[in-house]
file my_file.cif (mmCIF, C-alpha atoms, pLDDT in the B column; chains and numbers go by the auth columns)
data_final
loop_
_atom_site.group_PDB
_atom_site.id
_atom_site.type_symbol
_atom_site.label_atom_id
_atom_site.label_comp_id
_atom_site.label_asym_id
_atom_site.label_seq_id
_atom_site.Cartn_x
_atom_site.Cartn_y
_atom_site.Cartn_z
_atom_site.B_iso_or_equiv
_atom_site.auth_seq_id
_atom_site.auth_asym_id
ATOM 1 C CA MET A 1 -15.224 68.885 0.443 94.00 1 A
ATOM 2 C CA ILE A 2 -15.884 67.546 3.931 98.00 2 A
ATOM 3 C CA ARG A 3 -17.980 69.955 5.986 98.00 3 A
ATOM 4 C CA ALA A 4 -19.049 67.642 8.831 98.00 4 A
ATOM 5 C CA ILE A 5 -17.857 64.584 10.729 98.00 5 A
ATOM 6 C CA LEU A 6 -20.303 61.995 12.017 98.00 6 A
ATOM 7 C CA THR A 7 -18.700 59.685 14.561 98.00 7 A
ATOM 8 C CA ASP A 8 -19.526 56.431 16.265 97.00 8 A
ATOM 9 C CA ILE A 9 -18.511 56.058 19.934 96.00 9 A
ATOM 10 C CA GLU A 10 -17.429 52.487 20.781 94.00 10 A
ATOM 11 C CA GLY A 11 -14.060 51.719 19.218 94.00 11 A
ATOM 12 C CA THR A 12 -13.956 55.183 17.638 97.00 12 A
ATOM 13 C CA THR A 13 -13.924 57.968 20.252 98.00 13 A
ATOM 14 C CA SER A 14 -14.056 55.649 23.246 96.00 14 A
ATOM 15 C CA SER A 15 -13.003 52.186 24.330 94.00 15 A
ATOM 16 C CA ILE A 16 -15.291 49.246 23.622 90.00 16 A
ATOM 17 C CA ALA A 17 -14.141 47.846 26.955 91.00 17 A
ATOM 18 C CA PHE A 18 -15.561 50.856 28.834 92.00 18 A
ATOM 19 C CA VAL A 19 -19.062 50.185 27.542 86.00 19 A
ATOM 20 C CA HIS A 20 -18.962 46.411 27.944 88.00 20 A
ATOM 21 C CA ASP A 21 -16.857 46.131 31.101 94.00 21 A
ATOM 22 C CA THR A 22 -18.044 49.202 33.012 95.00 22 A
ATOM 23 C CA LEU A 23 -21.343 50.654 31.757 92.00 23 A
ATOM 24 C CA PHE A 24 -23.246 47.438 30.995 94.00 24 A
ATOM 25 C CA PRO A 25 -22.394 45.719 34.320 97.00 25 A
ATOM 26 C CA TYR A 26 -23.251 48.933 36.187 97.00 26 A
ATOM 27 C CA ALA A 27 -26.724 49.020 34.612 97.00 27 A
ATOM 28 C CA ARG A 28 -27.240 45.282 35.057 97.00 28 A
ATOM 29 C CA GLU A 29 -26.463 45.378 38.783 98.00 29 A
ATOM 30 C CA ARG A 30 -28.940 48.206 39.356 98.00 30 A
ATOM 31 C CA MET A 31 -31.771 47.328 36.944 98.00 31 A
ATOM 32 C CA TYR A 32 -34.198 45.789 39.449 98.00 32 A
ATOM 33 C CA ALA A 33 -33.615 48.402 42.147 98.00 33 A
ATOM 34 C CA PHE A 34 -33.898 51.293 39.686 98.00 34 A
ATOM 35 C CA LEU A 35 -37.238 50.184 38.240 98.00 35 A
ATOM 36 C CA ARG A 36 -38.667 49.471 41.676 97.00 36 A
ATOM 37 C CA ALA A 37 -37.641 52.935 42.899 97.00 37 A
ATOM 38 C CA HIS A 38 -38.789 54.889 39.830 97.00 38 A
ATOM 39 C CA THR A 39 -41.835 52.990 38.584 93.00 39 A
ATOM 40 C CA GLU A 40 -44.148 55.954 39.221 91.00 40 A
ATOM 41 C CA GLU A 41 -42.145 58.376 37.082 96.00 41 A
ATOM 42 C CA PRO A 42 -43.946 58.993 33.748 96.00 42 A
ATOM 43 C CA GLU A 43 -40.903 58.483 31.512 96.00 43 A
ATOM 44 C CA VAL A 44 -39.857 55.278 33.247 97.00 44 A
ATOM 45 C CA LEU A 45 -43.433 53.993 33.267 96.00 45 A
ATOM 46 C CA ALA A 46 -43.806 54.691 29.542 97.00 46 A
ATOM 47 C CA HIS A 47 -40.709 52.652 28.743 97.00 47 A
ATOM 48 C CA MET A 48 -41.813 49.850 31.067 97.00 48 A
ATOM 49 C CA GLN A 49 -45.157 49.661 29.273 97.00 49 A
ATOM 50 C CA ALA A 50 -43.420 49.625 25.879 97.00 50 A
ATOM 51 C CA VAL A 51 -41.204 46.729 26.986 97.00 51 A
ATOM 52 C CA ALA A 52 -44.186 44.843 28.431 97.00 52 A
ATOM 53 C CA GLU A 53 -46.170 45.227 25.212 97.00 53 A
ATOM 54 C CA GLU A 54 -43.288 44.009 23.057 95.00 54 A
ATOM 55 C CA ALA A 55 -42.288 41.140 25.349 96.00 55 A
ATOM 56 C CA GLY A 56 -45.777 40.089 26.437 96.00 56 A
ATOM 57 C CA CYS A 57 -44.953 40.385 30.126 96.00 57 A
ATOM 58 C CA ALA A 58 -46.598 42.227 33.007 95.00 58 A
ATOM 59 C CA PRO A 59 -45.793 45.971 33.131 94.00 59 A
ATOM 60 C CA GLU A 60 -44.338 45.718 36.636 96.00 60 A
ATOM 61 C CA PRO A 61 -40.732 46.338 37.720 97.00 61 A
ATOM 62 C CA ASP A 62 -39.409 42.815 38.242 98.00 62 A
ATOM 63 C CA ALA A 63 -40.926 41.365 35.065 97.00 63 A
ATOM 64 C CA VAL A 64 -39.694 44.270 32.953 98.00 64 A
ATOM 65 C CA ALA A 65 -36.243 44.159 34.586 98.00 65 A
ATOM 66 C CA ALA A 66 -35.922 40.461 33.804 98.00 66 A
ATOM 67 C CA GLU A 67 -36.866 41.107 30.184 97.00 67 A
ATOM 68 C CA LEU A 68 -34.420 43.986 29.876 98.00 68 A
ATOM 69 C CA LEU A 69 -31.579 41.850 31.240 98.00 69 A
ATOM 70 C CA ALA A 70 -32.447 39.189 28.661 97.00 70 A
ATOM 71 C CA TRP A 71 -32.337 41.859 25.966 97.00 71 A
ATOM 72 C CA MET A 72 -28.911 42.929 27.218 96.00 72 A
ATOM 73 C CA ASP A 73 -27.727 39.314 26.951 96.00 73 A
ATOM 74 C CA ALA A 74 -28.993 39.235 23.370 95.00 74 A
ATOM 75 C CA ASP A 75 -27.383 42.631 22.580 91.00 75 A
ATOM 76 C CA ARG A 76 -30.755 44.078 21.554 91.00 76 A
ATOM 77 C CA LYS A 77 -30.647 47.690 20.344 83.00 77 A
ATOM 78 C CA ALA A 78 -34.131 48.453 21.690 90.00 78 A
ATOM 79 C CA THR A 79 -34.868 52.120 22.350 87.00 79 A
ATOM 80 C CA SER A 80 -36.536 51.507 25.744 94.00 80 A
ATOM 81 C CA LEU A 81 -33.597 49.400 26.934 95.00 81 A
ATOM 82 C CA LYS A 82 -31.137 52.094 25.928 89.00 82 A
ATOM 83 C CA ALA A 83 -33.261 54.780 27.578 90.00 83 A
ATOM 84 C CA ILE A 84 -33.481 52.974 30.926 95.00 84 A
ATOM 85 C CA GLN A 85 -29.788 52.117 30.855 94.00 85 A
ATOM 86 C CA GLY A 86 -29.138 55.815 30.258 89.00 86 A
ATOM 87 C CA MET A 87 -31.189 56.804 33.299 94.00 87 A
ATOM 88 C CA ILE A 88 -29.231 54.406 35.489 96.00 88 A
ATOM 89 C CA TRP A 89 -25.939 55.722 34.136 93.00 89 A
ATOM 90 C CA GLN A 90 -27.089 59.308 34.679 93.00 90 A
ATOM 91 C CA GLN A 91 -27.346 58.604 38.388 94.00 91 A
ATOM 92 C CA GLY A 92 -23.890 57.060 38.357 96.00 92 A
ATOM 93 C CA TYR A 93 -22.326 60.042 36.617 95.00 93 A
ATOM 94 C CA ALA A 94 -24.146 62.502 38.883 93.00 94 A
ATOM 95 C CA GLU A 95 -22.854 60.647 41.951 94.00 95 A
ATOM 96 C CA GLY A 96 -19.307 60.608 40.588 93.00 96 A
ATOM 97 C CA ARG A 97 -19.261 56.821 40.301 95.00 97 A
ATOM 98 C CA LEU A 98 -18.856 56.899 36.511 96.00 98 A
ATOM 99 C CA HIS A 99 -16.598 58.900 34.190 96.00 99 A
ATOM 100 C CA GLY A 100 -16.886 58.535 30.432 96.00 100 A
ATOM 101 C CA HIS A 101 -13.863 57.051 28.708 96.00 101 A
ATOM 102 C CA VAL A 102 -12.427 58.756 25.648 97.00 102 A
ATOM 103 C CA TYR A 103 -9.157 57.919 23.918 97.00 103 A
ATOM 104 C CA PRO A 104 -6.366 60.407 24.742 97.00 104 A
ATOM 105 C CA ASP A 105 -6.440 61.905 21.233 98.00 105 A
ATOM 106 C CA THR A 106 -10.220 62.385 21.149 98.00 106 A
ATOM 107 C CA PRO A 107 -10.379 65.771 22.950 98.00 107 A
ATOM 108 C CA GLU A 108 -7.416 67.085 20.936 98.00 108 A
ATOM 109 C CA TRP A 109 -8.971 66.325 17.552 98.00 109 A
ATOM 110 C CA LEU A 110 -12.518 67.283 18.503 98.00 110 A
ATOM 111 C CA HIS A 111 -11.088 70.671 19.452 98.00 111 A
ATOM 112 C CA ALA A 112 -8.986 70.935 16.276 98.00 112 A
ATOM 113 C CA TRP A 113 -11.826 69.989 13.937 98.00 113 A
ATOM 114 C CA HIS A 114 -14.331 72.194 15.758 98.00 114 A
ATOM 115 C CA THR A 115 -11.903 75.128 15.610 97.00 115 A
ATOM 116 C CA ARG A 116 -11.415 74.540 11.880 97.00 116 A
ATOM 117 C CA GLY A 117 -15.164 74.968 11.419 97.00 117 A
ATOM 118 C CA LEU A 118 -16.181 71.366 10.836 98.00 118 A
ATOM 119 C CA ALA A 119 -19.588 70.464 12.270 98.00 119 A
ATOM 120 C CA LEU A 120 -19.330 67.428 14.548 98.00 120 A
ATOM 121 C CA TYR A 121 -22.097 64.887 15.173 98.00 121 A
ATOM 122 C CA VAL A 122 -22.468 61.593 17.056 98.00 122 A
ATOM 123 C CA TYR A 123 -24.384 58.522 15.886 98.00 123 A
ATOM 124 C CA SER A 124 -24.488 55.593 18.286 95.00 124 A
ATOM 125 C CA SER A 125 -26.816 52.738 19.194 89.00 125 A
ATOM 126 C CA GLY A 126 -26.751 54.085 22.749 84.00 126 A
ATOM 127 C CA SER A 127 -29.440 56.639 23.541 84.00 127 A
ATOM 128 C CA VAL A 128 -28.753 60.333 22.988 91.00 128 A
ATOM 129 C CA ALA A 129 -28.957 60.797 26.749 87.00 129 A
ATOM 130 C CA ALA A 130 -26.276 58.136 27.275 87.00 130 A
ATOM 131 C CA GLN A 131 -24.085 59.701 24.581 93.00 131 A
ATOM 132 C CA LYS A 132 -24.270 63.092 26.290 95.00 132 A
ATOM 133 C CA LEU A 133 -23.357 61.498 29.608 92.00 133 A
ATOM 134 C CA ILE A 134 -20.218 59.866 28.194 94.00 134 A
ATOM 135 C CA PHE A 135 -19.017 63.110 26.631 97.00 135 A
ATOM 136 C CA GLY A 136 -20.402 65.445 29.278 96.00 136 A
ATOM 137 C CA HIS A 137 -18.744 63.554 32.136 96.00 137 A
ATOM 138 C CA SER A 138 -15.671 62.312 30.304 97.00 138 A
ATOM 139 C CA VAL A 139 -12.262 61.770 31.867 96.00 139 A
ATOM 140 C CA ALA A 140 -11.209 64.855 29.863 97.00 140 A
ATOM 141 C CA GLY A 141 -14.083 67.020 31.093 96.00 141 A
ATOM 142 C CA ASP A 142 -17.243 68.169 29.312 97.00 142 A
ATOM 143 C CA LEU A 143 -16.838 67.601 25.554 98.00 143 A
ATOM 144 C CA CYS A 144 -20.504 68.017 24.562 98.00 144 A
ATOM 145 C CA GLY A 145 -19.945 71.577 23.371 98.00 145 A
ATOM 146 C CA TYR A 146 -17.975 70.331 20.384 98.00 146 A
ATOM 147 C CA PHE A 147 -21.006 68.542 18.924 98.00 147 A
ATOM 148 C CA SER A 148 -23.819 70.116 16.933 98.00 148 A
ATOM 149 C CA ASP A 149 -26.212 67.192 17.461 98.00 149 A
ATOM 150 C CA PHE A 150 -26.537 63.564 18.533 98.00 150 A
ATOM 151 C CA PHE A 151 -28.340 60.665 16.808 98.00 151 A
ATOM 152 C CA ASP A 152 -29.425 57.261 18.121 93.00 152 A
ATOM 153 C CA THR A 153 -31.595 54.335 16.969 89.00 153 A
ATOM 154 C CA ARG A 154 -34.640 56.584 16.735 91.00 154 A
ATOM 155 C CA VAL A 155 -33.260 57.664 13.362 96.00 155 A
ATOM 156 C CA GLY A 156 -32.897 53.995 12.384 95.00 156 A
ATOM 157 C CA GLY A 157 -30.486 51.084 12.696 94.00 157 A
ATOM 158 C CA LYS A 158 -26.789 51.724 12.163 96.00 158 A
ATOM 159 C CA LYS A 159 -26.531 49.145 9.387 97.00 159 A
ATOM 160 C CA GLU A 160 -29.430 50.631 7.399 98.00 160 A
ATOM 161 C CA VAL A 161 -28.794 52.985 4.486 98.00 161 A
ATOM 162 C CA ALA A 162 -31.992 54.921 5.241 98.00 162 A
ATOM 163 C CA SER A 163 -30.610 55.940 8.646 98.00 163 A
ATOM 164 C CA TYR A 164 -27.675 57.765 7.094 98.00 164 A
ATOM 165 C CA ALA A 165 -29.887 59.343 4.444 98.00 165 A
ATOM 166 C CA ALA A 166 -32.125 60.634 7.246 98.00 166 A
ATOM 167 C CA ILE A 167 -29.118 62.066 9.085 98.00 167 A
ATOM 168 C CA CYS A 168 -27.990 63.834 5.917 98.00 168 A
ATOM 169 C CA SER A 169 -31.454 65.356 5.618 98.00 169 A
ATOM 170 C CA GLN A 170 -31.504 66.474 9.248 98.00 170 A
ATOM 171 C CA ILE A 171 -27.998 67.914 9.078 97.00 171 A
ATOM 172 C CA GLY A 172 -28.808 69.611 5.795 98.00 172 A
ATOM 173 C CA LEU A 173 -25.719 68.436 3.912 98.00 173 A
ATOM 174 C CA ALA A 174 -25.109 66.101 1.001 98.00 174 A
ATOM 175 C CA GLY A 175 -23.692 62.716 1.939 98.00 175 A
ATOM 176 C CA SER A 176 -20.455 63.524 0.116 98.00 176 A
ATOM 177 C CA GLU A 177 -19.894 66.443 2.513 98.00 177 A
ATOM 178 C CA ILE A 178 -20.030 64.194 5.599 98.00 178 A
ATOM 179 C CA LEU A 179 -17.250 61.899 6.827 98.00 179 A
ATOM 180 C CA PHE A 180 -18.501 58.945 8.892 98.00 180 A
ATOM 181 C CA LEU A 181 -16.086 57.361 11.377 98.00 181 A
ATOM 182 C CA SER A 182 -16.706 53.878 12.784 97.00 182 A
ATOM 183 C CA ASP A 183 -14.912 50.633 13.564 96.00 183 A
ATOM 184 C CA ILE A 184 -17.711 48.469 12.081 96.00 184 A
ATOM 185 C CA GLY A 185 -17.600 47.578 8.398 97.00 185 A
ATOM 186 C CA ALA A 186 -21.351 47.048 7.976 97.00 186 A
ATOM 187 C CA GLU A 187 -22.044 50.531 9.344 98.00 187 A
ATOM 188 C CA LEU A 188 -19.491 52.045 6.981 98.00 188 A
ATOM 189 C CA ASP A 189 -21.057 50.136 4.077 98.00 189 A
ATOM 190 C CA ALA A 190 -24.474 51.629 4.869 98.00 190 A
ATOM 191 C CA ALA A 191 -23.056 55.138 5.204 98.00 191 A
ATOM 192 C CA ALA A 192 -21.176 54.802 1.906 98.00 192 A
ATOM 193 C CA ALA A 193 -24.386 53.655 0.203 98.00 193 A
ATOM 194 C CA ALA A 194 -25.895 56.957 1.364 98.00 194 A
ATOM 195 C CA ASP A 195 -22.974 58.710 -0.392 98.00 195 A
ATOM 196 C CA MET A 196 -21.096 59.599 2.806 98.00 196 A
ATOM 197 C CA GLN A 197 -17.326 59.491 2.889 98.00 197 A
ATOM 198 C CA THR A 198 -16.086 56.857 5.333 98.00 198 A
ATOM 199 C CA CYS A 199 -13.096 55.838 7.406 98.00 199 A
ATOM 200 C CA GLN A 200 -12.674 52.763 9.570 98.00 200 A
ATOM 201 C CA LEU A 201 -10.942 53.211 12.939 97.00 201 A
ATOM 202 C CA LEU A 202 -8.751 50.255 13.856 96.00 202 A
ATOM 203 C CA ARG A 203 -7.879 51.233 17.407 92.00 203 A
ATOM 204 C CA ASP A 204 -8.713 47.771 18.748 78.00 204 A
ATOM 205 C CA THR A 205 -6.620 44.883 17.418 70.00 205 A
ATOM 206 C CA SER A 206 -9.748 42.683 17.488 75.00 206 A
ATOM 207 C CA ALA A 207 -11.543 44.909 14.969 81.00 207 A
ATOM 208 C CA GLU A 208 -12.219 43.201 11.648 90.00 208 A
ATOM 209 C CA PRO A 209 -10.720 45.262 8.808 94.00 209 A
ATOM 210 C CA ALA A 210 -13.173 46.470 6.172 96.00 210 A
ATOM 211 C CA ASP A 211 -10.937 46.829 3.157 95.00 211 A
ATOM 212 C CA ALA A 212 -13.597 48.625 1.112 96.00 212 A
ATOM 213 C CA HIS A 213 -13.026 51.719 3.253 98.00 213 A
ATOM 214 C CA PRO A 214 -10.032 53.912 4.111 98.00 214 A
ATOM 215 C CA GLN A 215 -8.570 52.926 7.483 97.00 215 A
ATOM 216 C CA ALA A 216 -6.820 54.727 10.330 97.00 216 A
ATOM 217 C CA ARG A 217 -5.378 53.763 13.691 96.00 217 A
ATOM 218 C CA ASP A 218 -6.279 57.071 15.331 97.00 218 A
ATOM 219 C CA PHE A 219 -7.693 60.510 14.620 98.00 219 A
ATOM 220 C CA ALA A 220 -4.311 61.907 13.576 98.00 220 A
ATOM 221 C CA GLU A 221 -4.314 59.435 10.693 98.00 221 A
ATOM 222 C CA VAL A 222 -7.912 60.345 9.841 98.00 222 A
ATOM 223 C CA ASN A 223 -6.922 63.990 9.756 98.00 223 A
ATOM 224 C CA ALA A 224 -3.918 63.366 7.526 97.00 224 A
ATOM 225 C CA ARG A 225 -5.747 61.016 5.154 96.00 225 A
ATOM 226 C CA PHE A 226 -8.611 63.459 4.532 97.00 226 A
ATOM 227 C CA ALA A 227 -6.565 66.686 4.919 95.00 227 A
ATOM 228 C CA LEU A 228 -9.024 68.010 7.492 94.00 228 A
ATOM 229 C CA SER A 229 -6.777 70.640 9.048 76.00 229 A
#
call {"tool": "encode", "arguments": {"input": "my_file.cif", "output": "structure tokens"}}
result
Amino acid sequence: MIRAILTDIEGTTSSIAFVHDTLFPYARERMYAFLRAHTEEPEVLAHMQAVAEEAGCAPEPDAVAAELLAWMDADRKATSLKAIQGMIWQQGYAEGRLHGHVYPDTPEWLHAWHTRGLALYVYSSGSVAAQKLIFGHSVAGDLCGYFSDFFDTRVGGKKEVASYAAICSQIGLAGSEILFLSDIGAELDAAAAADMQTCQLLRDTSAEPADAHPQARDFAEVNARFALS
């Protein structure tokens, strides 16, 4: 029996294009200016020092910004990169320059599943802060209240079985009681190895089908396939 749903964001609740075509360029354009303006803030400084230690560069704004942009080019899932991106996005959301994209059916099914009593969780490579910004400032309003908790790379990589085992432990449910939704086959493989139930979302025609897992084009199909409500 499924008692909880753990969902990815990109390609699952929200458009991949929003992250890559809106959020990433927004952070890139403001990286240097943000670090220069906030270098004295303890949280920012701590992340700058972590980047400098890992990259072997000076812990000053321009050097760290250059390294972070290189990490973005390489699609690194580094915690400090995600944290600083999240801070930049937070400003954008607060100023009304950004609104989190969600697919039209996302609010409907989050509401339906939450009302049914299913516990809802998010697991994304983006920082927890960034996740809350997308859902808290979404085009459909504040959706954060539907979720019981959020997980990011601090629990481990999304293609690592141990990450999903850790999430099971933190949620307090057996893997078989959790349904993991993602568009990425390798993530679904790892979740299945931790005994989670899985479903691949194929919202984007460029997504590579993972035939080892049940598939759905939208949340209505997920709901019907697993008889969730």
call {"tool": "resolve_selection", "arguments": {"input": "my_file.cif", "expression": "the PyMOL selection byres ((chain A and resi 129-146) around 6)", "output": "list of chain:residue names"}}
result
A:Gly86, A:His99, A:Gly100, A:His101, A:Ser127, A:Val128, A:Phe147
call {"tool": "resolve_selection", "arguments": {"input": "my_file.cif", "expression": "the PyMOL selection byres ((chain A and resi 32) around 9)", "output": "list of chain:residue names"}}
result
A:Arg28, A:Glu29, A:Arg30, A:Met31, A:Ala33, A:Phe34, A:Leu35, A:Arg36, A:Ala37, A:Pro61, A:Asp62, A:Val64, A:Ala65, A:Ala66
call {"tool": "resolve_selection", "arguments": {"input": "my_file.cif", "expression": "the PyMOL selection byres ((chain A and resi 5-7) around 9)", "output": "mmCIF file with C-alpha atoms, in the frame of the given file"}}
result
data_model
loop_
_atom_site.group_PDB
_atom_site.id
_atom_site.type_symbol
_atom_site.label_atom_id
_atom_site.label_comp_id
_atom_site.auth_asym_id
_atom_site.auth_seq_id
_atom_site.Cartn_x
_atom_site.Cartn_y
_atom_site.Cartn_z
ATOM 1 C CA ILE A 2 -15.884 67.546 3.931
ATOM 2 C CA ARG A 3 -17.980 69.955 5.986
ATOM 3 C CA ALA A 4 -19.049 67.642 8.831
ATOM 4 C CA ASP A 8 -19.526 56.431 16.265
ATOM 5 C CA ILE A 9 -18.511 56.058 19.934
ATOM 6 C CA THR A 12 -13.956 55.183 17.638
ATOM 7 C CA THR A 13 -13.924 57.968 20.252
ATOM 8 C CA TRP A 113 -11.826 69.989 13.937
ATOM 9 C CA LEU A 118 -16.181 71.366 10.836
ATOM 10 C CA ALA A 119 -19.588 70.464 12.270
ATOM 11 C CA LEU A 120 -19.330 67.428 14.548
ATOM 12 C CA TYR A 121 -22.097 64.887 15.173
ATOM 13 C CA VAL A 122 -22.468 61.593 17.056
ATOM 14 C CA TYR A 123 -24.384 58.522 15.886
ATOM 15 C CA SER A 124 -24.488 55.593 18.286
ATOM 16 C CA GLU A 177 -19.894 66.443 2.513
ATOM 17 C CA ILE A 178 -20.030 64.194 5.599
ATOM 18 C CA LEU A 179 -17.250 61.899 6.827
ATOM 19 C CA PHE A 180 -18.501 58.945 8.892
ATOM 20 C CA LEU A 181 -16.086 57.361 11.377
ATOM 21 C CA SER A 182 -16.706 53.878 12.784
#
call {"tool": "closest_residue", "arguments": {"input": "my_file.cif", "among": "A:Ala83, A:Met196, A:Ile171, A:Leu98", "to": "Thr153 (chain A)", "atoms": "all atoms listed in the file"}}
result
A:Ala83
call {"tool": "closest_residue", "arguments": {"input": "my_file.cif", "among": "A:Asp195, A:Gln49, A:Trp71, A:Thr115", "to": "Ser176 (chain A)", "atoms": "all atoms listed in the file"}}
result
A:Asp195
call {"tool": "axis_aligned_box", "arguments": {"input": "my_file.cif", "around": "region 67-74 of chain A", "padding_each_side": "3 Å", "output": "AutoDock Vina command-line options"}}
result
--center_x -32.3 --center_y 41.6 --center_z 27.3 --size_x 15.1 --size_y 10.8 --size_z 13.9
call {"tool": "residues_around", "arguments": {"input": "my_file.cif", "residues": "Gly156 (chain A)", "least_positions_apart": "3", "cutoff": "12 Å", "atoms": "only C-alpha atoms", "output": "JSON, numbers by chain"}}
result
{"A": [77, 78, 79, 123, 124, 125, 127, 151, 152, 153, 159, 160, 161, 162, 163, 164, 165, 166, 167, 187, 190]}
call {"tool": "residues_around", "arguments": {"input": "my_file.cif", "residues": "Ser206 (chain A)", "least_positions_apart": "5", "cutoff": "12 Å", "atoms": "all atoms listed in the file", "output": "list in words"}}
result
Gly11, Ile16, Ala17, Asp183, Ile184 and Leu201 of chain A
call {"tool": "atom_distance", "arguments": {"input": "my_file.cif", "atom1": "CA of Leu173 (chain A)", "atom2": "CA of Ala192 (chain A)"}}
result
14.5 Å
call {"tool": "closest_residue", "arguments": {"input": "my_file.cif", "among": "A:Met48, A:Val102, A:Ala70, A:Pro42", "to": "Val19 (chain A)", "atoms": "all atoms listed in the file"}}
result
A:Val102
call {"tool": "atom_distance", "arguments": {"input": "my_file.cif", "atom1": "CA of Arg225 (chain A)", "atom2": "CA of Asp204 (chain A)"}}
result
19.2 Å
call {"tool": "closest_residue", "arguments": {"input": "my_file.cif", "among": "A:Thr39, A:Ala224, A:Trp89, A:Leu81", "to": "Thr22 (chain A)", "atoms": "only C-alpha atoms"}}
result
A:Trp89
call {"tool": "atom_distance", "arguments": {"input": "my_file.cif", "atom1": "CA of Leu188 (chain A)", "atom2": "CA of Arg76 (chain A)"}}
result
20.1 Å
call {"tool": "decode", "arguments": {"input": "my_file.cif", "residues": "region 60-65 of chain A", "atoms": "all heavy atoms", "output": "tab-separated table (two decimals), in the first residue's frame"}}
result
chain	number	residue	atom	x	y	z
A	60	GLU	N	37.67	34.76	-2.52
A	60	GLU	CA	37.17	36.13	-2.75
A	60	GLU	C	36.13	36.07	-3.87
A	60	GLU	O	36.10	35.13	-4.67
A	60	GLU	CB	38.32	37.08	-3.08
A	60	GLU	CG	39.20	36.68	-4.22
A	60	GLU	CD	38.66	37.20	-5.54
A	60	GLU	OE1	37.86	38.14	-5.52
A	60	GLU	OE2	39.02	36.64	-6.58
A	61	PRO	N	35.23	37.08	-3.92
A	61	PRO	CA	34.04	36.98	-4.76
A	61	PRO	C	34.28	36.62	-6.23
A	61	PRO	O	33.64	35.71	-6.75
A	61	PRO	CB	33.41	38.37	-4.63
A	61	PRO	CG	33.84	38.84	-3.29
A	61	PRO	CD	35.24	38.32	-3.12
A	62	ASP	N	35.19	37.31	-6.89
A	62	ASP	CA	35.35	37.08	-8.33
A	62	ASP	C	35.91	35.69	-8.63
A	62	ASP	O	35.46	35.02	-9.57
A	62	ASP	CB	36.24	38.15	-8.96
A	62	ASP	CG	35.52	39.48	-9.09
A	62	ASP	OD1	34.37	39.59	-8.62
A	62	ASP	OD2	36.10	40.42	-9.67
A	63	ALA	N	36.86	35.23	-7.83
A	63	ALA	CA	37.44	33.91	-8.05
A	63	ALA	C	36.40	32.82	-7.80
A	63	ALA	O	36.31	31.85	-8.57
A	63	ALA	CB	38.65	33.70	-7.15
A	64	VAL	N	35.64	32.97	-6.74
A	64	VAL	CA	34.61	31.98	-6.42
A	64	VAL	C	33.50	32.02	-7.48
A	64	VAL	O	33.01	30.96	-7.92
A	64	VAL	CB	34.03	32.22	-5.02
A	64	VAL	CG1	32.82	31.33	-4.77
A	64	VAL	CG2	35.11	31.95	-3.96
A	65	ALA	N	33.11	33.20	-7.91
A	65	ALA	CA	32.07	33.32	-8.94
A	65	ALA	C	32.51	32.62	-10.22
A	65	ALA	O	31.72	31.89	-10.85
A	65	ALA	CB	31.76	34.78	-9.21
